[in-house]
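J.: Hey, dropping input-v7.cif in here, mmCIF, C-alpha atoms:
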data_entry
#
loop_
_atom_site.label_atom_id
_atom_site.label_comp_id
_atom_site.auth_asym_id
_atom_site.auth_seq_id
_atom_site.Cartn_x
_atom_site.Cartn_y
_atom_site.Cartn_z
CA MET K 1 -19.20 -38.87 -22.53
CA GLU K 2 -19.29 -40.96 -25.68
CA ASP K 3 -18.50 -39.51 -29.09
CA ILE K 4 -22.15 -39.44 -30.17
CA GLU K 5 -23.25 -37.44 -27.13
CA LYS K 6 -20.44 -34.95 -27.72
CA ILE K 7 -21.32 -34.49 -31.37
CA LEU K 8 -25.00 -34.06 -30.52
CA SER K 9 -24.10 -31.34 -28.00
CA PHE K 10 -22.04 -29.66 -30.76
CA MET K 11 -25.12 -29.79 -33.02
CA VAL K 12 -27.14 -27.95 -30.38
CA GLU K 13 -24.41 -25.35 -29.73
CA VAL K 14 -24.03 -24.42 -33.41
CA GLU K 15 -27.76 -23.58 -33.60
CA LYS K 16 -26.59 -20.18 -32.32
CA LEU K 17 -25.21 -19.35 -35.78
CA LYS K 18 -28.86 -19.00 -36.88
CA ASN K 19 -29.01 -15.92 -34.67
CA VAL K 20 -25.90 -14.14 -36.01
CA HIS K 21 -27.04 -11.42 -38.36
CA ARG K 22 -25.10 -10.24 -41.35
CA LYS K 23 -25.18 -6.84 -43.06
CA THR K 24 -27.07 -7.73 -46.24
CA LYS K 25 -30.61 -8.93 -46.94
CA PRO K 26 -31.32 -12.05 -49.03
CA VAL K 27 -32.69 -11.29 -52.49
CA GLY K 28 -36.39 -10.51 -52.19
CA LEU K 29 -36.48 -10.44 -48.38
CA ASP K 30 -36.77 -7.44 -46.09
CA ARG K 31 -34.67 -8.80 -43.24
CA PHE K 32 -30.98 -9.34 -42.64
CA GLU K 33 -29.45 -12.67 -43.52
CA ASN K 34 -28.14 -14.93 -40.79
CA SER K 35 -24.79 -16.69 -40.98
CA ALA K 36 -26.29 -20.20 -40.97
CA GLU K 37 -28.42 -19.72 -44.10
CA HIS K 38 -25.49 -17.86 -45.68
CA SER K 39 -23.30 -20.91 -45.00
CA TRP K 40 -25.77 -23.17 -46.83
CA HIS K 41 -25.91 -20.74 -49.73
CA VAL K 42 -22.15 -20.62 -50.22
CA CYS K 43 -21.84 -24.42 -49.95
CA LEU K 44 -24.46 -24.96 -52.65
CA SER K 45 -22.87 -22.23 -54.76
CA ALA K 46 -19.39 -23.74 -54.42
CA LEU K 47 -20.73 -27.14 -55.45
CA MET K 48 -22.33 -25.72 -58.59
CA LEU K 49 -19.38 -23.46 -59.49
CA LYS K 50 -16.58 -25.94 -58.76
CA ASP K 51 -15.70 -26.43 -62.45
CA GLN K 52 -15.04 -22.69 -62.73
CA ALA K 53 -12.07 -22.87 -60.34
CA ASP K 54 -8.74 -22.05 -62.00
CA GLU K 55 -6.80 -24.59 -59.97
CA ASP K 56 -7.51 -28.22 -59.10
CA ILE K 57 -9.65 -28.18 -56.02
CA ASP K 58 -11.02 -30.84 -53.67
CA ILE K 59 -14.69 -29.89 -53.41
CA LEU K 60 -15.20 -31.93 -50.23
CA ARG K 61 -12.49 -29.90 -48.48
CA VAL K 62 -14.03 -26.68 -49.84
CA LEU K 63 -17.44 -27.69 -48.47
CA LYS K 64 -15.98 -28.58 -45.08
CA MET K 65 -14.34 -25.15 -44.90
CA LEU K 66 -17.52 -23.35 -45.88
CA LEU K 67 -19.66 -25.34 -43.44
CA ILE K 68 -17.50 -24.17 -40.52
CA HIS K 69 -16.08 -20.86 -41.81
CA ASP K 70 -18.45 -18.64 -39.82
CA LEU K 71 -18.64 -20.59 -36.54
CA GLY K 72 -16.37 -18.03 -34.87
CA GLU K 73 -19.09 -15.42 -35.34
CA ILE K 74 -21.20 -17.09 -32.64
CA ASP K 75 -18.83 -15.48 -30.12
CA ALA K 76 -17.36 -12.63 -32.20
CA GLY K 77 -20.36 -11.48 -34.26
CA ASP K 78 -20.37 -10.66 -37.98
CA THR K 79 -18.32 -7.77 -39.36
CA ILE K 80 -18.80 -6.21 -42.77
CA ILE K 81 -16.00 -7.12 -45.16
CA TYR K 82 -15.35 -3.43 -45.86
CA ALA K 83 -14.42 -2.76 -42.23
CA SER K 84 -10.81 -3.21 -41.23
CA GLU K 85 -10.06 -6.71 -40.04
CA THR K 86 -8.22 -6.22 -36.79
CA ILE K 87 -5.96 -8.80 -35.19
CA GLU K 88 -8.10 -8.59 -32.06
CA LEU K 89 -11.23 -9.53 -34.00
CA LYS K 90 -9.54 -12.39 -35.81
CA ASN K 91 -8.21 -13.73 -32.51
CA LYS K 92 -11.68 -13.50 -31.02
CA GLU K 93 -13.08 -15.48 -33.94
CA ALA K 94 -10.33 -18.11 -33.66
CA ASP K 95 -11.03 -18.45 -29.93
CA GLY K 96 -14.73 -18.82 -30.73
CA VAL K 97 -14.12 -21.56 -33.28
CA LYS K 98 -11.89 -23.34 -30.79
CA ARG K 99 -14.53 -23.12 -28.06
CA ILE K 100 -17.24 -24.50 -30.31
CA LEU K 101 -15.09 -27.28 -31.78
CA GLY K 102 -14.35 -28.10 -28.14
CA PHE K 103 -17.79 -29.70 -27.92
CA LEU K 104 -16.58 -32.40 -30.34
CA PRO K 105 -14.60 -35.51 -29.31
CA ASP K 106 -10.91 -34.62 -28.85
CA HIS K 107 -9.77 -36.63 -31.86
CA MET K 108 -12.00 -34.60 -34.21
CA GLN K 109 -11.12 -31.06 -33.18
CA ASP K 110 -7.72 -30.45 -34.74
CA GLN K 111 -8.60 -31.23 -38.34
CA PHE K 112 -11.43 -28.68 -38.32
CA MET K 113 -9.39 -26.03 -36.50
CA GLN K 114 -6.70 -26.47 -39.16
CA LEU K 115 -9.29 -26.18 -41.93
CA TRP K 116 -10.59 -22.95 -40.39
CA PHE K 117 -7.07 -21.46 -40.30
CA GLU K 118 -6.48 -22.64 -43.86
CA PHE K 119 -9.65 -20.86 -44.98
CA GLU K 120 -8.70 -17.68 -43.15
CA SER K 121 -5.19 -17.64 -44.62
CA GLY K 122 -6.44 -18.21 -48.16
CA GLU K 123 -3.09 -19.56 -49.27
CA THR K 124 -4.17 -22.88 -50.80
CA ALA K 125 -6.19 -23.63 -53.94
CA ASP K 126 -9.14 -24.92 -51.87
CA SER K 127 -9.23 -21.88 -49.60
CA ARG K 128 -8.74 -19.42 -52.47
CA PHE K 129 -11.79 -20.89 -54.18
CA ALA K 130 -13.84 -21.08 -50.96
CA LYS K 131 -13.08 -17.43 -50.17
CA ALA K 132 -14.01 -16.39 -53.71
CA ILE K 133 -17.41 -18.08 -53.42
CA ASP K 134 -17.99 -16.55 -49.98
CA ARG K 135 -17.81 -13.08 -51.53
CA ILE K 136 -20.46 -13.53 -54.20
CA PRO K 137 -23.84 -13.66 -52.39
CA PRO K 138 -23.50 -10.26 -50.62
CA LEU K 139 -22.76 -8.68 -54.02
CA PHE K 140 -25.95 -10.16 -55.44
CA HIS K 141 -27.89 -9.02 -52.39
CA ASN K 142 -26.83 -5.48 -53.23
CA ILE K 143 -27.22 -5.77 -56.99
CA HIS K 144 -30.77 -7.14 -56.58
CA GLY K 145 -31.50 -5.02 -53.51
CA ASP K 146 -30.88 -1.42 -54.53
CA GLY K 147 -27.32 -1.47 -53.15
CA HIS K 148 -28.70 -1.44 -49.60
CA SER K 149 -25.55 -2.30 -47.65
CA TRP K 150 -23.26 -0.32 -49.99
CA LYS K 151 -25.41 2.73 -49.32
CA ALA K 152 -25.84 2.07 -45.58
CA PHE K 153 -22.09 1.79 -45.08
CA ASN K 154 -21.18 4.38 -47.71
CA VAL K 155 -18.98 1.96 -49.63
CA SER K 156 -17.44 3.26 -52.86
CA GLN K 157 -17.21 1.41 -56.17
CA GLU K 158 -13.44 1.52 -55.84
CA LYS K 159 -13.62 -0.21 -52.46
CA VAL K 160 -16.09 -2.84 -53.69
CA LEU K 161 -13.81 -3.63 -56.61
CA SER K 162 -10.61 -3.75 -54.58
CA VAL K 163 -12.04 -5.89 -51.76
CA ASN K 164 -13.80 -8.34 -54.06
CA GLN K 165 -10.96 -8.72 -56.50
CA ARG K 166 -9.99 -11.69 -54.36
CA ILE K 167 -12.64 -13.57 -56.35
CA GLU K 168 -10.09 -13.54 -59.17
CA LEU K 169 -7.68 -15.59 -57.06
CA GLY K 170 -10.21 -18.45 -57.14
CA SER K 171 -11.59 -18.03 -60.65
CA LYS K 172 -10.63 -15.48 -63.28
CA LYS K 173 -13.72 -16.28 -65.37
CA LEU K 174 -16.01 -15.75 -62.41
CA TRP K 175 -14.43 -12.43 -61.53
CA LYS K 176 -14.79 -11.22 -65.11
CA VAL K 177 -18.55 -11.87 -65.02
CA ILE K 178 -19.01 -10.40 -61.53
CA LYS K 179 -16.92 -7.34 -62.37
CA ALA K 180 -19.18 -6.58 -65.34
CA LYS K 181 -22.22 -6.82 -63.07
CA LEU K 182 -20.61 -4.41 -60.61
CA SER K 183 -19.91 -1.93 -63.43
CA LYS K 184 -23.54 -2.14 -64.45
CA ALA K 185 -24.63 -1.60 -60.83
CA ALA K 186 -22.51 1.55 -60.77
CA ASP K 187 -24.03 2.71 -64.10
CA ASP K 188 -27.47 2.09 -62.60
CA GLY K 189 -26.62 4.30 -59.62
CA LEU K 190 -26.54 1.53 -56.98
CA LEU K 191 -22.88 2.08 -56.31
CA LYS K 192 -20.97 5.35 -56.32
CA MET S 1 -26.12 -17.89 -71.89
CA GLU S 2 -22.80 -19.20 -70.65
CA ASP S 3 -22.57 -21.72 -67.83
CA ILE S 4 -21.43 -19.14 -65.29
CA GLU S 5 -24.39 -16.86 -65.93
CA LYS S 6 -26.77 -19.79 -65.59
CA ILE S 7 -25.25 -20.93 -62.32
CA LEU S 8 -25.33 -17.39 -60.95
CA SER S 9 -29.04 -17.13 -61.81
CA PHE S 10 -29.55 -20.45 -59.96
CA MET S 11 -27.78 -18.93 -56.94
CA VAL S 12 -30.24 -16.05 -56.94
CA GLU S 13 -33.29 -18.30 -57.39
CA VAL S 14 -32.39 -20.58 -54.46
CA GLU S 15 -32.34 -17.56 -52.12
CA LYS S 16 -36.08 -18.23 -51.88
CA LEU S 17 -35.40 -21.24 -49.64
CA LYS S 18 -34.48 -18.71 -46.91
CA ASN S 19 -38.15 -17.75 -46.88
CA VAL S 20 -39.61 -21.26 -46.51
CA HIS S 21 -40.59 -21.72 -42.89
CA ARG S 22 -40.55 -25.01 -41.06
CA LYS S 23 -42.64 -26.12 -38.10
CA THR S 24 -40.00 -26.03 -35.36
CA LYS S 25 -37.96 -23.25 -33.76
CA PRO S 26 -34.15 -23.40 -33.52
CA VAL S 27 -32.89 -24.06 -29.99
CA GLY S 28 -32.99 -20.80 -28.04
CA LEU S 29 -34.88 -18.80 -30.69
CA ASP S 30 -38.48 -17.67 -30.67
CA ARG S 31 -39.08 -17.91 -34.40
CA PHE S 32 -39.59 -20.71 -36.88
CA GLU S 33 -36.61 -22.16 -38.67
CA ASN S 34 -36.23 -21.68 -42.40
CA SER S 35 -35.25 -24.48 -44.75
CA ALA S 36 -31.96 -22.86 -45.82
CA GLU S 37 -30.48 -22.67 -42.31
CA HIS S 38 -31.87 -26.15 -41.65
CA SER S 39 -30.00 -27.40 -44.73
CA TRP S 40 -26.72 -26.00 -43.37
CA HIS S 41 -27.38 -27.58 -40.00
CA VAL S 42 -27.95 -31.07 -41.38
CA CYS S 43 -24.89 -30.83 -43.64
CA LEU S 44 -22.64 -29.90 -40.74
CA SER S 45 -24.27 -32.60 -38.59
CA ALA S 46 -23.79 -35.26 -41.27
CA LEU S 47 -20.14 -34.30 -41.60
CA MET S 48 -19.54 -34.66 -37.87
CA LEU S 49 -21.61 -37.86 -37.50
CA LYS S 50 -20.35 -39.66 -40.60
CA ASP S 51 -18.33 -42.23 -38.63
CA GLN S 52 -21.52 -43.29 -36.85
CA ALA S 53 -23.08 -44.61 -40.08
CA ASP S 54 -23.60 -48.38 -40.07
CA GLU S 55 -22.77 -48.77 -43.74
CA ASP S 56 -19.94 -47.39 -45.86
CA ILE S 57 -21.06 -44.00 -47.03
CA ASP S 58 -19.65 -41.39 -49.40
CA ILE S 59 -19.89 -38.21 -47.35
CA LEU S 60 -19.56 -35.96 -50.42
CA ARG S 61 -22.66 -37.58 -51.95
CA VAL S 62 -24.48 -37.26 -48.62
CA LEU S 63 -23.62 -33.55 -48.47
CA LYS S 64 -24.76 -33.00 -52.06
CA MET S 65 -28.10 -34.63 -51.23
CA LEU S 66 -28.57 -32.59 -48.09
CA LEU S 67 -27.63 -29.33 -49.82
CA ILE S 68 -30.44 -29.81 -52.35
CA HIS S 69 -32.93 -31.99 -50.44
CA ASP S 70 -35.34 -29.16 -49.61
CA LEU S 71 -35.19 -27.15 -52.86
CA GLY S 72 -38.62 -28.50 -53.84
CA GLU S 73 -40.12 -26.64 -50.88
CA ILE S 74 -39.59 -23.32 -52.67
CA ASP S 75 -42.61 -24.23 -54.78
CA ALA S 76 -44.34 -26.80 -52.55
CA GLY S 77 -43.77 -25.38 -49.06
CA ASP S 78 -42.67 -27.32 -45.97
CA THR S 79 -44.88 -30.05 -44.50
CA ILE S 80 -44.48 -31.51 -41.04
CA ILE S 81 -43.11 -35.04 -41.12
CA TYR S 82 -46.05 -36.30 -39.05
CA ALA S 83 -48.52 -35.31 -41.77
CA SER S 84 -49.30 -37.88 -44.44
CA GLU S 85 -46.99 -37.59 -47.42
CA THR S 86 -49.33 -37.56 -50.38
CA ILE S 87 -48.29 -38.46 -53.90
CA GLU S 88 -49.59 -35.05 -55.03
CA LEU S 89 -47.27 -33.26 -52.62
CA LYS S 90 -44.25 -35.34 -53.58
CA ASN S 91 -44.96 -34.70 -57.26
CA LYS S 92 -45.21 -30.99 -56.56
CA GLU S 93 -41.85 -31.08 -54.79
CA ALA S 94 -40.26 -33.04 -57.63
CA ASP S 95 -41.62 -30.53 -60.15
CA GLY S 96 -40.23 -27.72 -57.99
CA VAL S 97 -36.77 -29.28 -57.84
CA LYS S 98 -36.86 -29.77 -61.60
CA ARG S 99 -37.86 -26.15 -62.18
CA ILE S 100 -35.09 -24.83 -59.96
CA LEU S 101 -32.40 -27.15 -61.35
CA GLY S 102 -33.59 -25.87 -64.73
CA PHE S 103 -31.67 -22.65 -64.05
CA LEU S 104 -28.42 -24.67 -64.26
CA PRO S 105 -26.63 -25.55 -67.51
CA ASP S 106 -28.31 -28.57 -69.17
CA HIS S 107 -25.35 -30.88 -68.57
CA MET S 108 -25.55 -30.34 -64.78
CA GLN S 109 -29.25 -30.90 -64.16
CA ASP S 110 -29.67 -34.67 -64.36
CA GLN S 111 -27.11 -35.67 -61.75
CA PHE S 112 -28.77 -33.46 -59.12
CA MET S 113 -32.29 -34.54 -60.05
CA GLN S 114 -31.15 -38.15 -59.67
CA LEU S 115 -29.59 -37.37 -56.29
CA TRP S 116 -32.85 -35.77 -55.15
CA PHE S 117 -34.83 -38.88 -56.15
CA GLU S 118 -32.22 -41.09 -54.47
CA PHE S 119 -32.61 -39.10 -51.24
CA GLU S 120 -36.40 -39.29 -51.41
CA SER S 121 -36.40 -43.05 -52.00
CA GLY S 122 -33.98 -43.71 -49.16
CA GLU S 123 -32.91 -47.02 -50.64
CA THR S 124 -29.13 -46.56 -50.72
CA ALA S 125 -26.60 -46.34 -47.88
CA ASP S 126 -25.93 -42.65 -48.61
CA SER S 127 -29.61 -41.70 -48.65
CA ARG S 128 -30.43 -43.81 -45.58
CA PHE S 129 -27.78 -41.92 -43.64
CA ALA S 130 -28.78 -38.52 -45.06
CA LYS S 131 -32.43 -39.12 -44.15
CA ALA S 132 -31.45 -40.19 -40.63
CA ILE S 133 -29.50 -36.98 -40.07
CA ASP S 134 -32.34 -34.89 -41.49
CA ARG S 135 -34.62 -36.16 -38.72
CA ILE S 136 -32.46 -35.20 -35.75
CA PRO S 137 -32.57 -31.37 -35.49
CA PRO S 138 -36.40 -31.09 -35.21
CA LEU S 139 -36.26 -33.59 -32.33
CA PHE S 140 -33.71 -31.43 -30.53
CA HIS S 141 -35.79 -28.33 -31.21
CA ASN S 142 -38.61 -29.99 -29.33
CA ILE S 143 -36.49 -31.53 -26.59
CA HIS S 144 -34.84 -28.16 -25.89
CA GLY S 145 -37.98 -26.17 -26.66
CA ASP S 146 -40.71 -27.57 -24.40
CA GLY S 147 -41.99 -29.92 -27.11
CA HIS S 148 -43.46 -26.95 -28.98
CA SER S 149 -44.25 -28.56 -32.32
CA TRP S 150 -45.26 -31.90 -30.75
CA LYS S 151 -47.78 -30.02 -28.66
CA ALA S 152 -48.93 -27.69 -31.46
CA PHE S 153 -49.63 -30.62 -33.76
CA ASN S 154 -50.77 -32.99 -31.00
CA VAL S 155 -48.18 -35.62 -31.90
CA SER S 156 -48.04 -38.70 -29.66
CA GLN S 157 -44.90 -40.39 -28.32
CA GLU S 158 -45.86 -43.47 -30.31
CA LYS S 159 -45.98 -41.44 -33.53
CA VAL S 160 -42.67 -39.69 -32.81
CA LEU S 161 -41.02 -43.05 -32.18
CA SER S 162 -42.49 -44.75 -35.24
CA VAL S 163 -41.75 -41.91 -37.66
CA ASN S 164 -38.22 -41.32 -36.42
CA GLN S 165 -37.25 -44.96 -36.21
CA ARG S 166 -35.92 -44.44 -39.72
CA ILE S 167 -32.86 -42.98 -37.97
CA GLU S 168 -32.01 -46.61 -37.14
CA LEU S 169 -31.71 -47.41 -40.85
CA GLY S 170 -28.75 -45.02 -41.03
CA SER S 171 -27.16 -45.64 -37.64
CA LYS S 172 -28.28 -48.04 -34.92
CA LYS S 173 -26.00 -46.36 -32.35
CA LEU S 174 -27.45 -42.95 -33.11
CA TRP S 175 -31.04 -44.17 -32.82
CA LYS S 176 -30.27 -45.79 -29.46
CA VAL S 177 -29.05 -42.46 -28.05
CA ILE S 178 -31.90 -40.44 -29.60
CA LYS S 179 -34.52 -42.95 -28.44
CA ALA S 180 -33.31 -42.58 -24.85
CA LYS S 181 -33.62 -38.81 -25.15
CA LEU S 182 -37.17 -39.16 -26.46
CA SER S 183 -38.07 -41.43 -23.52
CA LYS S 184 -36.71 -38.82 -21.15
CA ALA S 185 -38.70 -36.10 -22.96
CA ALA S 186 -41.83 -38.19 -22.42
CA ASP S 187 -40.94 -38.67 -18.73
CA ASP S 188 -40.47 -34.91 -18.46
CA GLY S 189 -43.94 -34.34 -19.88
CA LEU S 190 -42.87 -32.79 -23.21
CA LEU S 191 -44.36 -35.65 -25.19
CA LYS S 192 -47.53 -37.60 -24.42
#
Would you encode the structure as structure tokens?
T.:
Amino acid sequence: MEDIEKILSFMVEVEKLKNVHRKTKPVGLDRFENSAEHSWHVCLSALMLKDQADEDIDILRVLKMLLIHDLGEIDAGDTIIYASETIELKNKEADGVKRILGFLPDHMQDQFMQLWFEFESGETADSRFAKAIDRIPPLFHNIHGDGHSWKAFNVSQEKVLSVNQRIELGSKKLWKVIKAKLSKAADDGLLK
Amino acid sequence: MEDIEKILSFMVEVEKLKNVHRKTKPVGLDRFENSAEHSWHVCLSALMLKDQADEDIDILRVLKMLLIHDLGEIDAGDTIIYASETIELKNKEADGVKRILGFLPDHMQDQFMQLWFEFESGETADSRFAKAIDRIPPLFHNIHGDGHSWKAFNVSQEKVLSVNQRIELGSKKLWKVIKAKLSKAADDGLLK
């Protein structure tokens, strides 16, 4: 099959990400978010926040990571960040990404698999920033949505702060602002 | 307000794109697509198809355009491509984009407004390619979904071919493959 046909079949396969449901609801909407619209949201957010990164980042690499970061959920499903990340689950996601990238021409697969692992590891400037951005929208969903997923999963303020402190690894300024909003949410009774 | 606060308020405002419904259903799903998940899909598609562009393109600029191309629909709503594009509607979209970009710091607004106009005009290599990619997913939704929006809006094969021929302006190879798929869809009775 030619490259174009392979890439078009990949485009059809990834439609399935529109049917993976996350644990928070978009601001103003009474339904759970799906991982495809979430992926758009974090890409646009990363683009607009790129100058807030503490380190030099390559925004194109960050966008590539964020465009593919959730593809593994098509096979593995979405898990709330406050649940323990097991090795089994991470392996299932990696296998899922590999299967889906397998629709692409051979010569294109490796670079995106490597980018996915880089994002997961969070050990480079680009992936630290991408992971920081990925954490922000669910916090806003709760702050503007009566703390719905915090309450549903009985997540404590301490846990929210400790898990999301990774935002600081991408941008200290951003974490400072977000942390203040989380304190206010706790004062307002959204978070215990 | 500092830049970060402004950009975070922009992030909350653009959530509304997740509630703008398009006229086609994602492959395999019995619901209409929203413009946020569509925006992710075309970004990922553009990234994977970039080597199929006929002209030299800057993929980062293409992604920026596609990330923001539908923001005007938050105020103006989505219109099917086969409807006439009126000047009134385009002005309403432009006003909508301007309003939403207005949440950003002043120094960031112009570059994105210019990119939006560049996309709309389709007169540069980057925008020709971005517009070509934007046309593909709704065709697949129909091809893999019993021609649902073609039938609902009584769109003829001639109209589908003439409106989507703009794909050729971004990539002749891509249009050749897509055109063959549209012929097959017509042979299969999905398109009259």
J.: Could you work out which residues of chain S fall inside 6 Å of chain K? Count only C-alpha atoms, and format the result as a PDB file with C-alpha atoms, keeping the file's coordinate frame.
T.:
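So out_38.pdb came out as:
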ATOM      1  CA  ALA S  36     -31.960 -22.860 -45.820  1.00  0.00           C
ATOM      2  CA  GLU S  37     -30.480 -22.670 -42.310  1.00  0.00           C
ATOM      3  CA  TRP S  40     -26.720 -26.000 -43.370  1.00  0.00           C
ATOM      4  CA  LEU S  60     -19.560 -35.960 -50.420  1.00  0.00           C
TER       5      LEU S  60
END
J.: If I take CA of Met65 (chain S) and CA of Met65 (chain K), how far is one from the other in Å, to one decimal?
T.: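 For CA of Met65 (chain S) relative to CA of Met65 (chain K), the distance reads 17.9 Å.
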J.: Determine, counting all atoms listed in the file, which protein, DNA and RNA residues have an atom within 12 Å of an atom of Gly96 (chain S); residues of the same chain fewer than 4 positions away are not included. Present the result as a ChimeraX atom specification.
T.: /S:13-14,17,68-77,89-92,100-103,113,116
J.: Could you list as a list in words every residue that has an atom within 6 Å of (-19.5, -0.3, -60.0), using the file's coordinates and counting all atoms listed in the file?
T.: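 Residues with an atom at most 6 Å from (-19.5, -0.3, -60.0): Gln157, Leu182, Ser183, Ala185, Ala186 and Leu191 of chain K.
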J.: Those same residues - C-alpha atoms - I'd like them written as a PDB file, in the coordinates of the input.
T.:
ATOM      1  CA  GLN K 157     -17.210   1.410 -56.170  1.00  0.00           C
ATOM      2  CA  LEU K 182     -20.610  -4.410 -60.610  1.00  0.00           C
ATOM      3  CA  SER K 183     -19.910  -1.930 -63.430  1.00  0.00           C
ATOM      4  CA  ALA K 185     -24.630  -1.600 -60.830  1.00  0.00           C
ATOM      5  CA  ALA K 186     -22.510   1.550 -60.770  1.00  0.00           C
ATOM      6  CA  LEU K 191     -22.880   2.080 -56.310  1.00  0.00           C
TER       7      LEU K 191
END
J.: If you apply the PyMOL selection byres ((chain S and resi 82) around 10) to this file, what residues do you get, as a list in words?
T.: Thr79, Ile80, Ile81, Ala83, Ser84, Glu85, Trp150, Phe153, Asn154, Val155, Ser156, Lys159, Val160, Ser162, Val163 and Asn164 of chain S
J.: Can you sort out the box for region 81-95 of chain K, edges along x, y and z, all listed atoms in, 5 Å on every side, with centre and edge lengths in Å to one decimal, as AutoDock Vina command-line options?
T.:
--center_x -11.0 --center_y -10.6 --center_z -37.9 --size_x 20.0 --size_y 25.7 --size_z 25.9
J.: Using Å and a single decimal, report how far CA of Lys25 (chain S) sits from CA of Lys181 (chain S).
T.: 18.3 Å
J.: Using the chain letters and numbers from the file, give me the residues hit by the PyMOL selection byres ((chain S and resi 168) around 12), as an MDAnalysis selection string.
T.: chainID S and resid 52:55 128:133 135:136 161:167 169:179
J.: May I have the residues from that selection written out with C-alpha atoms, as a CSV table (one decimal), in the coordinates of the input?
T.:
chain,number,residue,atom,x,y,z
S,52,GLN,CA,-21.5,-43.3,-36.8
S,53,ALA,CA,-23.1,-44.6,-40.1
S,54,ASP,CA,-23.6,-48.4,-40.1
S,55,GLU,CA,-22.8,-48.8,-43.7
S,128,ARG,CA,-30.4,-43.8,-45.6
S,129,PHE,CA,-27.8,-41.9,-43.6
S,130,ALA,CA,-28.8,-38.5,-45.1
S,131,LYS,CA,-32.4,-39.1,-44.2
S,132,ALA,CA,-31.4,-40.2,-40.6
S,133,ILE,CA,-29.5,-37.0,-40.1
S,135,ARG,CA,-34.6,-36.2,-38.7
S,136,ILE,CA,-32.5,-35.2,-35.8
S,161,LEU,CA,-41.0,-43.0,-32.2
S,162,SER,CA,-42.5,-44.8,-35.2
S,163,VAL,CA,-41.8,-41.9,-37.7
S,164,ASN,CA,-38.2,-41.3,-36.4
S,165,GLN,CA,-37.2,-45.0,-36.2
S,166,ARG,CA,-35.9,-44.4,-39.7
S,167,ILE,CA,-32.9,-43.0,-38.0
S,169,LEU,CA,-31.7,-47.4,-40.8
S,170,GLY,CA,-28.8,-45.0,-41.0
S,171,SER,CA,-27.2,-45.6,-37.6
S,172,LYS,CA,-28.3,-48.0,-34.9
S,173,LYS,CA,-26.0,-46.4,-32.4
S,174,LEU,CA,-27.4,-43.0,-33.1
S,175,TRP,CA,-31.0,-44.2,-32.8
S,176,LYS,CA,-30.3,-45.8,-29.5
S,177,VAL,CA,-29.0,-42.5,-28.0
S,178,ILE,CA,-31.9,-40.4,-29.6
S,179,LYS,CA,-34.5,-43.0,-28.4
J.: Evaluate the PyMOL selection byres ((chain S and resi 24) around 9) against this structure - the residues, as a list in words, please.
T.: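 Selection result, ordered by chain and number: His21, Arg22, Lys23, Lys25, Pro26, Arg31, Phe32, Glu33, Pro138, Leu139, His141, Asn142, Gly145, His148 and Ser149 of chain S.
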J.: Could you write those residues out with C-alpha atoms, as a PDB file, keeping the file's coordinate frame?
T.:
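Wrote selection-v9.pdb, looks like this:
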ATOM      1  CA  HIS S  21     -40.590 -21.720 -42.890  1.00  0.00           C
ATOM      2  CA  ARG S  22     -40.550 -25.010 -41.060  1.00  0.00           C
ATOM      3  CA  LYS S  23     -42.640 -26.120 -38.100  1.00  0.00           C
ATOM      4  CA  LYS S  25     -37.960 -23.250 -33.760  1.00  0.00           C
ATOM      5  CA  PRO S  26     -34.150 -23.400 -33.520  1.00  0.00           C
ATOM      6  CA  ARG S  31     -39.080 -17.910 -34.400  1.00  0.00           C
ATOM      7  CA  PHE S  32     -39.590 -20.710 -36.880  1.00  0.00           C
ATOM      8  CA  GLU S  33     -36.610 -22.160 -38.670  1.00  0.00           C
ATOM      9  CA  PRO S 138     -36.400 -31.090 -35.210  1.00  0.00           C
ATOM     10  CA  LEU S 139     -36.260 -33.590 -32.330  1.00  0.00           C
ATOM     11  CA  HIS S 141     -35.790 -28.330 -31.210  1.00  0.00           C
ATOM     12  CA  ASN S 142     -38.610 -29.990 -29.330  1.00  0.00           C
ATOM     13  CA  GLY S 145     -37.980 -26.170 -26.660  1.00  0.00           C
ATOM     14  CA  HIS S 148     -43.460 -26.950 -28.980  1.00  0.00           C
ATOM     15  CA  SER S 149     -44.250 -28.560 -32.320  1.00  0.00           C
TER      16      SER S 149
END
J.: Have a look at CA of His107 (chain S) and CA of Glu2 (chain S) and let me know their distance in Å, one decimal.
T.: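 It comes out at 12.1 Å.
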